[in-house]
Amino acid sequence: MAIRKKIPMRKCLATGEMKPKKEMIRIVRSKEGEVSIDPSGKKAGRGAYVSLDRDAILLAKKKDVFSSQLNAKVEDSLYEELLSLAEKESKPK
């Protein structure tokens, strides 16, 4: 009997969907209160996940979910960076 490896799941803050961690991008707030994108998922700090999907990112921006979840000011540039990451992901390789 093969042992199936457990896939780590995370909840998208924008849509509320549970998805595999690999399909998500982590936003992290450091102790200094700086909010940044954490592609490795290993940075220290309070993390929140969003789907690497244009609609989910725009929804997160509209609802301002990261500011309330991370108790920090989130710049528009962060959302622009997320959108460009999502675009790169969705392009066929």
# chains A, B, ... in the order shown; residues from 1 in each chain; ligands from 1

call {"tool": "select_by_dssp", "arguments": {"residues": "chain A", "states": "alpha helix (DSSP H)", "output": "PyMOL selection string"}}
result
chain A and resi 54-63+65-70+76-90

call {"tool": "residues_around", "arguments": {"residues": "segment 25-38 of chain A", "least_positions_apart": "4", "cutoff": "7 Å", "atoms": "only C-alpha atoms", "output": "PyMOL selection string"}}
result
chain A and resi 43-52+70+72+74

call {"tool": "write_last_selection", "arguments": {"atoms": "N, CA and C atoms", "output": "PDB file, in the first residue's frame"}}
result
ATOM      1  N   LYS A  43       9.705  33.040   5.086  1.00  0.00           N
ATOM      2  CA  LYS A  43      10.077  34.241   5.836  1.00  0.00           C
ATOM      3  C   LYS A  43       9.426  34.231   7.214  1.00  0.00           C
ATOM      4  N   ALA A  44      10.117  34.821   8.175  1.00  0.00           N
ATOM      5  CA  ALA A  44       9.561  34.917   9.526  1.00  0.00           C
ATOM      6  C   ALA A  44       8.526  36.036   9.554  1.00  0.00           C
ATOM      7  N   GLY A  45       7.489  35.835  10.325  1.00  0.00           N
ATOM      8  CA  GLY A  45       6.467  36.870  10.460  1.00  0.00           C
ATOM      9  C   GLY A  45       5.078  36.301  10.280  1.00  0.00           C
ATOM     10  N   ARG A  46       4.098  37.175  10.406  1.00  0.00           N
ATOM     11  CA  ARG A  46       2.693  36.807  10.276  1.00  0.00           C
ATOM     12  C   ARG A  46       2.369  36.674   8.800  1.00  0.00           C
ATOM     13  N   GLY A  47       1.874  35.512   8.400  1.00  0.00           N
ATOM     14  CA  GLY A  47       1.609  35.272   6.988  1.00  0.00           C
ATOM     15  C   GLY A  47       0.135  35.162   6.664  1.00  0.00           C
ATOM     16  N   ALA A  48      -0.186  35.485   5.426  1.00  0.00           N
ATOM     17  CA  ALA A  48      -1.544  35.334   4.910  1.00  0.00           C
ATOM     18  C   ALA A  48      -1.409  34.880   3.460  1.00  0.00           C
ATOM     19  N   TYR A  49      -2.352  34.078   2.997  1.00  0.00           N
ATOM     20  CA  TYR A  49      -2.256  33.510   1.656  1.00  0.00           C
ATOM     21  C   TYR A  49      -3.368  34.031   0.743  1.00  0.00           C
ATOM     22  N   VAL A  50      -3.013  34.150  -0.543  1.00  0.00           N
ATOM     23  CA  VAL A  50      -3.997  34.489  -1.563  1.00  0.00           C
ATOM     24  C   VAL A  50      -3.714  33.608  -2.780  1.00  0.00           C
ATOM     25  N   SER A  51      -4.770  33.247  -3.496  1.00  0.00           N
ATOM     26  CA  SER A  51      -4.605  32.446  -4.712  1.00  0.00           C
ATOM     27  C   SER A  51      -3.817  33.242  -5.740  1.00  0.00           C
ATOM     28  N   LEU A  52      -2.969  32.544  -6.488  1.00  0.00           N
ATOM     29  CA  LEU A  52      -2.220  33.208  -7.565  1.00  0.00           C
ATOM     30  C   LEU A  52      -3.149  33.318  -8.769  1.00  0.00           C
ATOM     31  N   LEU A  70      -3.276  41.394   8.593  1.00  0.00           N
ATOM     32  CA  LEU A  70      -1.886  41.547   9.046  1.00  0.00           C
ATOM     33  C   LEU A  70      -1.685  42.778   9.935  1.00  0.00           C
ATOM     34  N   ALA A  72      -1.483  45.879   9.206  1.00  0.00           N
ATOM     35  CA  ALA A  72      -0.430  46.723   8.646  1.00  0.00           C
ATOM     36  C   ALA A  72      -0.932  47.379   7.369  1.00  0.00           C
ATOM     37  N   VAL A  74      -0.972  48.165   3.634  1.00  0.00           N
ATOM     38  CA  VAL A  74      -0.517  47.447   2.442  1.00  0.00           C
ATOM     39  C   VAL A  74      -0.536  48.416   1.268  1.00  0.00           C
TER      40      VAL A  74
END

call {"tool": "residues_around", "arguments": {"residues": "Leu85 of chain A", "least_positions_apart": "4", "cutoff": "10 Å", "atoms": "only C-alpha atoms", "output": "list of chain:residue names"}}
result
A:Ile25, A:Pro39, A:Leu52, A:Asp53, A:Arg54, A:Tyr79, A:Glu80, A:Glu81, A:Glu89, A:Ser90

call {"tool": "select_by_dssp", "arguments": {"residues": "chain A", "states": "strand (DSSP E)", "output": "list in words"}}
result
Met9, Arg10, Lys11, Met18, Lys19, Pro20, Met24, Ile25, Arg26, Ile27, Val28, Arg29, Val35, Ser36, Ile37, Asp38, Arg46, Gly47, Ala48, Tyr49, Val50 and Ser51 of chain A

call {"tool": "write_last_selection", "arguments": {"atoms": "N, CA and C atoms", "output": "compact mmCIF listing (two decimals), in the first residue's frame"}}
result
# COMPACT_ATOMS: atom_id res chain seq x y z
N MET A 9 -2.60 22.40 2.78
CA MET A 9 -3.64 23.26 2.24
C MET A 9 -3.62 24.60 2.97
N ARG A 10 -3.99 25.65 2.27
CA ARG A 10 -4.08 26.98 2.86
C ARG A 10 -5.37 27.62 2.38
N LYS A 11 -5.87 28.57 3.17
CA LYS A 11 -7.11 29.25 2.83
C LYS A 11 -6.80 30.60 2.18
N MET A 18 -10.11 26.70 0.17
CA MET A 18 -8.94 25.95 0.60
C MET A 18 -8.27 25.41 -0.67
N LYS A 19 -6.97 25.66 -0.80
CA LYS A 19 -6.23 25.20 -1.98
C LYS A 19 -4.87 24.69 -1.55
N PRO A 20 -4.23 23.87 -2.41
CA PRO A 20 -2.87 23.44 -2.08
C PRO A 20 -1.94 24.65 -1.96
N MET A 24 -0.80 28.91 -4.03
CA MET A 24 -1.03 30.17 -3.33
C MET A 24 0.27 30.96 -3.24
N ILE A 25 0.13 32.24 -2.90
CA ILE A 25 1.30 33.07 -2.64
C ILE A 25 1.14 33.64 -1.24
N ARG A 26 2.24 33.68 -0.50
CA ARG A 26 2.19 34.13 0.89
C ARG A 26 2.59 35.60 0.97
N ILE A 27 1.82 36.34 1.73
CA ILE A 27 2.13 37.73 2.04
C ILE A 27 2.52 37.71 3.51
N VAL A 28 3.62 38.36 3.84
CA VAL A 28 4.11 38.29 5.22
C VAL A 28 4.34 39.68 5.81
N ARG A 29 4.02 39.82 7.10
CA ARG A 29 4.33 41.05 7.82
C ARG A 29 5.45 40.75 8.80
N VAL A 35 5.23 44.83 5.09
CA VAL A 35 4.48 43.79 4.38
C VAL A 35 5.17 43.51 3.05
N SER A 36 5.42 42.23 2.77
CA SER A 36 6.09 41.87 1.52
C SER A 36 5.58 40.53 1.01
N ILE A 37 5.91 40.24 -0.24
CA ILE A 37 5.55 38.97 -0.85
C ILE A 37 6.63 37.96 -0.49
N ASP A 38 6.20 36.77 -0.13
CA ASP A 38 7.13 35.73 0.31
C ASP A 38 7.00 34.52 -0.61
N ARG A 46 4.10 37.17 10.41
CA ARG A 46 2.69 36.81 10.28
C ARG A 46 2.37 36.67 8.80
N GLY A 47 1.87 35.51 8.40
CA GLY A 47 1.61 35.27 6.99
C GLY A 47 0.14 35.16 6.66
N ALA A 48 -0.19 35.49 5.43
CA ALA A 48 -1.54 35.33 4.91
C ALA A 48 -1.41 34.88 3.46
N TYR A 49 -2.35 34.08 3.00
CA TYR A 49 -2.26 33.51 1.66
C TYR A 49 -3.37 34.03 0.74
N VAL A 50 -3.01 34.15 -0.54
CA VAL A 50 -4.00 34.49 -1.56
C VAL A 50 -3.71 33.61 -2.78
N SER A 51 -4.77 33.25 -3.50
CA SER A 51 -4.60 32.45 -4.71
C SER A 51 -3.82 33.24 -5.74

call {"tool": "atom_distance", "arguments": {"atom1": "atom CA of Ser77 of chain A", "atom2": "atom CA of Lys42 of chain A"}}
result
21.6 Å

call {"tool": "atom_distance", "arguments": {"atom1": "atom CA of Ser40 of chain A", "atom2": "atom CA of Ile57 of chain A"}}
result
18.4 Å

call {"tool": "atom_distance", "arguments": {"atom1": "atom CA of Asp76 of chain A", "atom2": "atom CA of Glu17 of chain A"}}
result
23.4 Å

call {"tool": "decode", "arguments": {"residues": "segment 13-76 of chain A", "atoms": "C-alpha atoms", "output": "tab-separated table (two decimals), in the first residue's frame"}}
result
chain	number	residue	atom	x	y	z
A	13	LEU	CA	-8.05	35.30	2.21
A	14	ALA	CA	-9.89	36.80	-0.75
A	15	THR	CA	-12.12	33.89	-1.77
A	16	GLY	CA	-12.15	31.74	1.37
A	17	GLU	CA	-11.28	28.63	-0.69
A	18	MET	CA	-8.94	25.95	0.60
A	19	LYS	CA	-6.23	25.20	-1.98
A	20	PRO	CA	-2.87	23.44	-2.08
A	21	LYS	CA	-0.12	25.69	-0.72
A	22	LYS	CA	1.73	25.49	-4.07
A	23	GLU	CA	-1.15	27.30	-5.81
A	24	MET	CA	-1.03	30.17	-3.33
A	25	ILE	CA	1.30	33.07	-2.64
A	26	ARG	CA	2.19	34.13	0.89
A	27	ILE	CA	2.13	37.73	2.04
A	28	VAL	CA	4.11	38.29	5.22
A	29	ARG	CA	4.33	41.05	7.82
A	30	SER	CA	7.68	41.27	9.55
A	31	LYS	CA	8.19	42.27	13.19
A	32	GLU	CA	8.98	45.78	11.92
A	33	GLY	CA	5.52	45.92	10.32
A	34	GLU	CA	6.77	45.68	6.74
A	35	VAL	CA	4.48	43.79	4.38
A	36	SER	CA	6.09	41.87	1.52
A	37	ILE	CA	5.55	38.97	-0.85
A	38	ASP	CA	7.13	35.73	0.31
A	39	PRO	CA	7.56	33.42	-2.70
A	40	SER	CA	9.53	30.86	-0.67
A	41	GLY	CA	6.89	30.71	2.09
A	42	LYS	CA	9.68	30.63	4.67
A	43	LYS	CA	10.08	34.24	5.84
A	44	ALA	CA	9.56	34.92	9.53
A	45	GLY	CA	6.47	36.87	10.46
A	46	ARG	CA	2.69	36.81	10.28
A	47	GLY	CA	1.61	35.27	6.99
A	48	ALA	CA	-1.54	35.33	4.91
A	49	TYR	CA	-2.26	33.51	1.66
A	50	VAL	CA	-4.00	34.49	-1.56
A	51	SER	CA	-4.60	32.45	-4.71
A	52	LEU	CA	-2.22	33.21	-7.56
A	53	ASP	CA	-5.20	34.30	-9.61
A	54	ARG	CA	-5.95	37.75	-11.00
A	55	ASP	CA	-9.57	37.80	-9.78
A	56	ALA	CA	-8.61	36.70	-6.25
A	57	ILE	CA	-5.87	39.36	-6.03
A	58	LEU	CA	-8.21	42.11	-7.24
A	59	LEU	CA	-10.84	40.94	-4.75
A	60	ALA	CA	-8.25	41.01	-1.95
A	61	LYS	CA	-7.36	44.57	-2.93
A	62	LYS	CA	-11.00	45.65	-3.06
A	63	LYS	CA	-11.79	44.13	0.34
A	64	ASP	CA	-8.40	45.27	1.73
A	65	VAL	CA	-8.09	41.87	3.43
A	66	PHE	CA	-4.33	41.99	4.01
A	67	SER	CA	-4.44	45.26	5.94
A	68	SER	CA	-6.97	43.89	8.40
A	69	GLN	CA	-5.48	40.39	8.59
A	70	LEU	CA	-1.89	41.55	9.05
A	71	ASN	CA	-2.68	44.74	10.97
A	72	ALA	CA	-0.43	46.72	8.65
A	73	LYS	CA	-0.71	49.21	5.80
A	74	VAL	CA	-0.52	47.45	2.44
A	75	GLU	CA	0.76	49.52	-0.47
A	76	ASP	CA	-0.86	49.34	-3.92
